[in-house]
Amino acid sequence: MPFSVQLYQAIEDLDPKLKKVMMDFLGEVDLRLSSTITREDFRELKDIVQSLAATTKDLAEAQQRTEVRLEQLAEAQRRTEIRLEELAEAQKRTEARVEQLAEAQRRTEARVEQLTEAQKRTEARVDQLAEAQRKTEEELKKLVQEHRKTREQLGGLAHTVGYRLEDEAFKALPALLKRDLGVEVLGRLKRDFIEIGKDRYLEVNIWGAARHDGMECVVIGEAKTQLKKGDVDVFVQKADQVAALMPKKQVRVLVAYQASPPVQRYAREKGIALYFSYDF
């Protein structure tokens, strides 16, 4: 029996496998109905077929929607795979960066360890230097003490030598001054302190009263182991200071173990009588 055009069009839109099943089914129905179906049955069957055609159309439309959805899902799957590939690549880069950072961290830790070890060596060296410095300071302290003792000894020796020269001068100068300058020493020569103010005194190595050309005067002098130009200037200042306090004629004398020729000339130009230890 012939089927409607709508049924065939609906079958045409089906999936090939489903389409074949439907065509086989309709052929079998047509074969059976052609020999046994009545008109009333045919009408019922026609209604059924029309309902089946509508259902088939619905199935075809659902199939189309399914295919569209499947295509969309396939496209989404492709995008997901691309995104996963991108994420995988990013993960590789991240892992490579993490490895680089880990390697840098290892190098940093190794460097820190080296610096820590160097710091320990530096601190040990500083401790050694501090200990050496402490020992050096102790040695310097000992040397300063020894130097102080040496200076004290030298000072004492210098005083001893100076005093010895003065002692010899006290004995020899009266005769020498009488012979060379016509100065007569009255009494004896001595070391003395001359008051220059309240509780202020000026030490004089050689001091004594004298007479020259019938006039009273004073003998003032200094004794130096090695006479220098500066010593001459200091002595002149001291003698002038005494003269300001005691306005008497002065016989200025310097006594030394030695003095260079320029210093000798300088002293005599200042009006100072100069004698050496070998003159005594």
# chains A, B, ... in the order shown; residues from 1 in each chain; ligands from 1

call {"tool": "residues_around", "arguments": {"residues": "A:Ala175", "least_positions_apart": "6", "cutoff": "10 Å", "atoms": "only C-alpha atoms", "output": "compact mmCIF listing (two decimals) with N, CA and C atoms, in the first residue's frame"}}
result
# COMPACT_ATOMS: atom_id res chain seq x y z
N LEU A 181 137.62 89.67 82.88
CA LEU A 181 136.72 90.82 82.84
C LEU A 181 136.97 91.83 83.96
N GLY A 182 137.85 91.49 84.85
CA GLY A 182 138.09 92.39 85.98
C GLY A 182 136.93 92.43 86.94
N VAL A 183 136.13 91.37 86.99
CA VAL A 183 134.96 91.28 87.87
C VAL A 183 135.38 90.50 89.11
N GLU A 184 135.12 91.10 90.28
CA GLU A 184 135.47 90.45 91.54
C GLU A 184 134.18 89.88 92.16
N VAL A 185 134.14 88.59 92.32
CA VAL A 185 132.99 87.92 92.91
C VAL A 185 133.05 88.12 94.41
N PHE A 280 138.03 75.09 83.14
CA PHE A 280 138.03 75.07 84.60
C PHE A 280 139.23 74.29 85.15

call {"tool": "residues_around", "arguments": {"residues": "A:Ala62", "least_positions_apart": "6", "cutoff": "12 Å", "atoms": "only C-alpha atoms", "output": "CSV table (one decimal) with C-alpha atoms, in the first residue's frame"}}
result
chain,number,residue,atom,x,y,z
A,13,ASP,CA,15.7,13.1,7.4
A,14,LEU,CA,16.6,10.1,9.7
A,15,ASP,CA,20.0,8.7,10.4
A,55,THR,CA,6.8,11.0,15.7
A,56,THR,CA,9.4,10.2,13.1
A,68,VAL,CA,23.9,20.3,16.6
A,69,ARG,CA,24.5,19.9,20.3
A,70,LEU,CA,27.0,17.2,19.5

call {"tool": "atom_distance", "arguments": {"atom1": "atom CA of A:Ile196", "atom2": "atom CA of A:Leu254"}}
result
21.7 Å

call {"tool": "residues_around", "arguments": {"residues": "A:Glu222", "least_positions_apart": "5", "cutoff": "12 Å", "atoms": "only C-alpha atoms", "output": "VMD selection string"}}
result
chain A and resid 162 to 163 165 to 167 169 to 170 189 to 192 203 to 207 227 231 to 236 238 to 239 251 to 256 272 to 276

call {"tool": "write_last_selection", "arguments": {"atoms": "N, CA and C atoms", "output": "mmCIF file, in the first residue's frame"}}
result
data_model
loop_
_atom_site.group_PDB
_atom_site.id
_atom_site.type_symbol
_atom_site.label_atom_id
_atom_site.label_comp_id
_atom_site.auth_asym_id
_atom_site.auth_seq_id
_atom_site.Cartn_x
_atom_site.Cartn_y
_atom_site.Cartn_z
ATOM 1 N N GLY A 162 124.623 68.358 84.504
ATOM 2 C CA GLY A 162 124.504 69.807 84.613
ATOM 3 C C GLY A 162 124.969 70.328 85.955
ATOM 4 N N TYR A 163 124.533 69.626 87.005
ATOM 5 C CA TYR A 163 124.964 70.045 88.331
ATOM 6 C C TYR A 163 126.482 69.937 88.479
ATOM 7 N N LEU A 165 128.626 70.311 86.086
ATOM 8 C CA LEU A 165 129.214 71.435 85.367
ATOM 9 C C LEU A 165 129.063 72.723 86.168
ATOM 10 N N GLU A 166 127.898 72.888 86.802
ATOM 11 C CA GLU A 166 127.699 74.085 87.628
ATOM 12 C C GLU A 166 128.649 74.087 88.834
ATOM 13 N N ASP A 167 128.782 72.928 89.450
ATOM 14 C CA ASP A 167 129.671 72.844 90.615
ATOM 15 C C ASP A 167 131.108 73.239 90.245
ATOM 16 N N ALA A 169 131.850 75.176 87.773
ATOM 17 C CA ALA A 169 131.851 76.600 87.434
ATOM 18 C C ALA A 169 131.915 77.468 88.689
ATOM 19 N N PHE A 170 131.207 77.063 89.743
ATOM 20 C CA PHE A 170 131.227 77.838 90.977
ATOM 21 C C PHE A 170 132.667 78.034 91.480
ATOM 22 N N LEU A 189 129.520 81.930 94.409
ATOM 23 C CA LEU A 189 128.458 81.710 93.424
ATOM 24 C C LEU A 189 127.628 80.492 93.845
ATOM 25 N N LYS A 190 126.356 80.482 93.456
ATOM 26 C CA LYS A 190 125.466 79.384 93.860
ATOM 27 C C LYS A 190 124.277 79.282 92.900
ATOM 28 N N ARG A 191 123.541 78.190 93.093
ATOM 29 C CA ARG A 191 122.230 78.072 92.446
ATOM 30 C C ARG A 191 121.230 78.780 93.336
ATOM 31 N N ASP A 192 120.229 79.408 92.684
ATOM 32 C CA ASP A 192 119.301 80.155 93.527
ATOM 33 C C ASP A 192 117.964 80.325 92.816
ATOM 34 N N GLU A 203 114.224 80.085 88.584
ATOM 35 C CA GLU A 203 115.454 79.353 88.917
ATOM 36 C C GLU A 203 116.628 79.917 88.108
ATOM 37 N N VAL A 204 117.722 80.130 88.788
ATOM 38 C CA VAL A 204 118.951 80.617 88.143
ATOM 39 C C VAL A 204 120.077 79.634 88.473
ATOM 40 N N ASN A 205 120.749 79.151 87.430
ATOM 41 C CA ASN A 205 121.816 78.167 87.656
ATOM 42 C C ASN A 205 123.027 78.764 88.386
ATOM 43 N N ILE A 206 123.423 79.924 87.940
ATOM 44 C CA ILE A 206 124.614 80.580 88.516
ATOM 45 C C ILE A 206 124.207 81.979 88.961
ATOM 46 N N TRP A 207 124.454 82.267 90.250
ATOM 47 C CA TRP A 207 124.009 83.558 90.784
ATOM 48 C C TRP A 207 124.951 83.984 91.919
ATOM 49 N N LEU A 227 125.393 73.679 74.202
ATOM 50 C CA LEU A 227 124.747 74.969 74.036
ATOM 51 C C LEU A 227 124.264 75.155 72.600
ATOM 52 N N ASP A 231 119.064 78.163 73.361
ATOM 53 C CA ASP A 231 119.429 78.295 74.775
ATOM 54 C C ASP A 231 119.905 79.710 75.082
ATOM 55 N N VAL A 232 120.634 80.291 74.140
ATOM 56 C CA VAL A 232 121.124 81.657 74.322
ATOM 57 C C VAL A 232 119.950 82.628 74.429
ATOM 58 N N ASP A 233 118.956 82.472 73.536
ATOM 59 C CA ASP A 233 117.796 83.371 73.556
ATOM 60 C C ASP A 233 117.010 83.242 74.858
ATOM 61 N N VAL A 234 116.813 82.011 75.333
ATOM 62 C CA VAL A 234 116.071 81.793 76.577
ATOM 63 C C VAL A 234 116.820 82.438 77.746
ATOM 64 N N PHE A 235 118.139 82.290 77.750
ATOM 65 C CA PHE A 235 118.932 82.877 78.839
ATOM 66 C C PHE A 235 118.844 84.398 78.828
ATOM 67 N N VAL A 236 118.869 85.001 77.641
ATOM 68 C CA VAL A 236 118.764 86.460 77.532
ATOM 69 C C VAL A 236 117.425 86.933 78.077
ATOM 70 N N LYS A 238 115.563 85.439 80.315
ATOM 71 C CA LYS A 238 115.564 85.273 81.772
ATOM 72 C C LYS A 238 116.359 86.394 82.433
ATOM 73 N N ALA A 239 117.526 86.711 81.869
ATOM 74 C CA ALA A 239 118.353 87.769 82.444
ATOM 75 C C ALA A 239 117.644 89.114 82.369
ATOM 76 N N VAL A 251 126.576 90.711 84.981
ATOM 77 C CA VAL A 251 127.657 90.014 84.271
ATOM 78 C C VAL A 251 127.060 88.677 83.832
ATOM 79 N N ARG A 252 126.783 88.571 82.563
ATOM 80 C CA ARG A 252 126.098 87.392 82.040
ATOM 81 C C ARG A 252 127.124 86.361 81.581
ATOM 82 N N VAL A 253 126.889 85.104 82.046
ATOM 83 C CA VAL A 253 127.856 84.042 81.788
ATOM 84 C C VAL A 253 127.106 82.783 81.336
ATOM 85 N N LEU A 254 127.659 82.134 80.331
ATOM 86 C CA LEU A 254 127.166 80.814 79.911
ATOM 87 C C LEU A 254 128.315 79.823 79.995
ATOM 88 N N VAL A 255 127.975 78.630 80.521
ATOM 89 C CA VAL A 255 128.970 77.570 80.678
ATOM 90 C C VAL A 255 128.458 76.342 79.953
ATOM 91 N N ALA A 256 129.332 75.678 79.201
ATOM 92 C CA ALA A 256 128.896 74.516 78.418
ATOM 93 C C ALA A 256 130.042 73.542 78.242
ATOM 94 N N ILE A 272 127.628 88.111 76.215
ATOM 95 C CA ILE A 272 127.684 87.033 77.193
ATOM 96 C C ILE A 272 129.094 86.447 77.209
ATOM 97 N N ALA A 273 129.619 86.262 78.409
ATOM 98 C CA ALA A 273 130.915 85.588 78.562
ATOM 99 C C ALA A 273 130.678 84.089 78.463
ATOM 100 N N LEU A 274 131.431 83.420 77.609
ATOM 101 C CA LEU A 274 131.229 81.988 77.366
ATOM 102 C C LEU A 274 132.459 81.214 77.820
ATOM 103 N N TYR A 275 132.228 80.198 78.658
ATOM 104 C CA TYR A 275 133.309 79.347 79.131
ATOM 105 C C TYR A 275 132.912 77.882 78.919
ATOM 106 N N PHE A 276 133.972 77.058 78.721
ATOM 107 C CA PHE A 276 133.785 75.628 78.535
ATOM 108 C C PHE A 276 134.361 74.866 79.714
#

call {"tool": "residues_around", "arguments": {"residues": "A:Met246", "least_positions_apart": "4", "cutoff": "12 Å", "atoms": "only C-alpha atoms", "output": "list in words"}}
result
Ile194, Glu195, Ile196, Cys217, Val218, Ile220, Ala239, Asp240, Gln241, Val242 and Gln250 of chain A

call {"tool": "write_last_selection", "arguments": {"atoms": "N, CA and C atoms", "output": "compact mmCIF listing (two decimals), in the first residue's frame"}}
result
# COMPACT_ATOMS: atom_id res chain seq x y z
N ILE A 194 115.00 83.29 92.33
CA ILE A 194 114.74 84.72 92.49
C ILE A 194 113.24 84.93 92.43
N GLU A 195 112.72 85.60 93.44
CA GLU A 195 111.28 85.83 93.52
C GLU A 195 110.87 86.89 92.48
N ILE A 196 109.92 86.52 91.65
CA ILE A 196 109.47 87.43 90.59
C ILE A 196 108.01 87.81 90.79
N CYS A 217 127.54 94.76 91.26
CA CYS A 217 126.81 94.13 90.14
C CYS A 217 126.45 92.69 90.55
N VAL A 218 125.78 91.99 89.67
CA VAL A 218 125.44 90.59 89.93
C VAL A 218 125.96 89.73 88.79
N ILE A 220 125.07 86.44 86.73
CA ILE A 220 123.96 85.54 86.41
C ILE A 220 124.38 84.65 85.25
N ALA A 239 117.53 86.71 81.87
CA ALA A 239 118.35 87.77 82.44
C ALA A 239 117.64 89.11 82.37
N ASP A 240 116.97 89.39 81.27
CA ASP A 240 116.22 90.64 81.14
C ASP A 240 115.09 90.69 82.18
N GLN A 241 114.43 89.56 82.42
CA GLN A 241 113.36 89.51 83.40
C GLN A 241 113.88 89.84 84.81
N VAL A 242 115.08 89.28 85.14
CA VAL A 242 115.69 89.56 86.44
C VAL A 242 116.11 91.03 86.52
N GLN A 250 124.56 93.61 85.23
CA GLN A 250 124.68 92.16 85.19
C GLN A 250 125.95 91.74 84.45

call {"tool": "closest_residue", "arguments": {"among": "A:Ala172, A:Gln237, A:Gln114, A:Arg83", "to": "A:Leu202", "atoms": "only C-alpha atoms"}}
result
A:Gln237

call {"tool": "residues_around", "arguments": {"residues": "A:Ala259", "least_positions_apart": "3", "cutoff": "7 Å", "atoms": "only C-alpha atoms", "output": "number ranges by chain"}}
result
A: 226-228, 263-264

call {"tool": "write_last_selection", "arguments": {"atoms": "N, CA and C atoms", "output": "PDB file, in the first residue's frame"}}
result
ATOM      1  N   GLN A 226     125.263  70.989  76.035  1.00  0.00           N
ATOM      2  CA  GLN A 226     125.519  71.318  74.624  1.00  0.00           C
ATOM      3  C   GLN A 226     124.723  72.574  74.303  1.00  0.00           C
ATOM      4  N   LEU A 227     125.393  73.679  74.202  1.00  0.00           N
ATOM      5  CA  LEU A 227     124.747  74.969  74.036  1.00  0.00           C
ATOM      6  C   LEU A 227     124.264  75.155  72.600  1.00  0.00           C
ATOM      7  N   LYS A 228     122.983  75.640  72.479  1.00  0.00           N
ATOM      8  CA  LYS A 228     122.388  75.917  71.180  1.00  0.00           C
ATOM      9  C   LYS A 228     121.899  77.356  71.152  1.00  0.00           C
ATOM     10  N   VAL A 263     127.193  79.399  67.286  1.00  0.00           N
ATOM     11  CA  VAL A 263     126.544  79.636  68.576  1.00  0.00           C
ATOM     12  C   VAL A 263     127.471  80.428  69.492  1.00  0.00           C
ATOM     13  N   GLN A 264     128.755  80.137  69.439  1.00  0.00           N
ATOM     14  CA  GLN A 264     129.720  80.888  70.258  1.00  0.00           C
ATOM     15  C   GLN A 264     129.703  82.363  69.863  1.00  0.00           C
TER      16      GLN A 264
END

call {"tool": "atom_distance", "arguments": {"atom1": "atom CA of A:Ala124", "atom2": "atom CA of A:Glu139"}}
result
22.3 Å

call {"tool": "select_by_dssp", "arguments": {"residues": "stretch 90-234 of chain A", "states": "alpha helix (DSSP H)", "output": "VMD selection string"}}
result
chain A and resid 90 to 181 229 to 234

call {"tool": "select_by_dssp", "arguments": {"residues": "stretch 13-236 of chain A", "states": "strand (DSSP E or B)", "output": "ChimeraX atom specification"}}
result
/A:183-197,200-212,215-227

call {"tool": "write_last_selection", "arguments": {"atoms": "C-alpha atoms", "output": "short mmCIF file (atom, residue, chain, number, x, y, z; two decimals), in the first residue's frame"}}
result
data_model
loop_
_atom_site.label_atom_id
_atom_site.label_comp_id
_atom_site.auth_asym_id
_atom_site.auth_seq_id
_atom_site.Cartn_x
_atom_site.Cartn_y
_atom_site.Cartn_z
CA VAL A 183 134.96 91.28 87.87
CA GLU A 184 135.47 90.45 91.54
CA VAL A 185 132.99 87.92 92.91
CA LEU A 186 131.85 88.81 96.40
CA GLY A 187 131.24 85.77 98.52
CA ARG A 188 130.48 82.70 96.47
CA LEU A 189 128.46 81.71 93.42
CA LYS A 190 125.47 79.38 93.86
CA ARG A 191 122.23 78.07 92.45
CA ASP A 192 119.30 80.15 93.53
CA PHE A 193 115.64 81.08 93.06
CA ILE A 194 114.74 84.72 92.49
CA GLU A 195 111.28 85.83 93.52
CA ILE A 196 109.47 87.43 90.59
CA GLY A 197 105.99 87.61 92.14
CA ARG A 200 106.49 82.82 91.89
CA TYR A 201 110.19 82.08 91.54
CA LEU A 202 112.69 81.94 88.74
CA GLU A 203 115.45 79.35 88.92
CA VAL A 204 118.95 80.62 88.14
CA ASN A 205 121.82 78.17 87.66
CA ILE A 206 124.61 80.58 88.52
CA TRP A 207 124.01 83.56 90.78
CA GLY A 208 126.11 85.81 92.99
CA ALA A 209 127.12 89.33 93.97
CA ALA A 210 130.18 90.98 92.41
CA ARG A 211 132.02 94.30 91.94
CA HIS A 212 133.25 95.76 88.69
CA MET A 215 130.41 99.32 91.26
CA GLU A 216 128.27 96.55 92.68
CA CYS A 217 126.81 94.13 90.14
CA VAL A 218 125.44 90.59 89.93
CA VAL A 219 126.72 87.51 88.15
CA ILE A 220 123.96 85.54 86.41
CA GLY A 221 124.58 82.48 84.33
CA GLU A 222 123.35 79.19 82.89
CA ALA A 223 125.06 75.86 82.40
CA LYS A 224 124.28 73.69 79.34
CA THR A 225 125.89 70.43 78.33
CA GLN A 226 125.52 71.32 74.62
CA LEU A 227 124.75 74.97 74.04
#
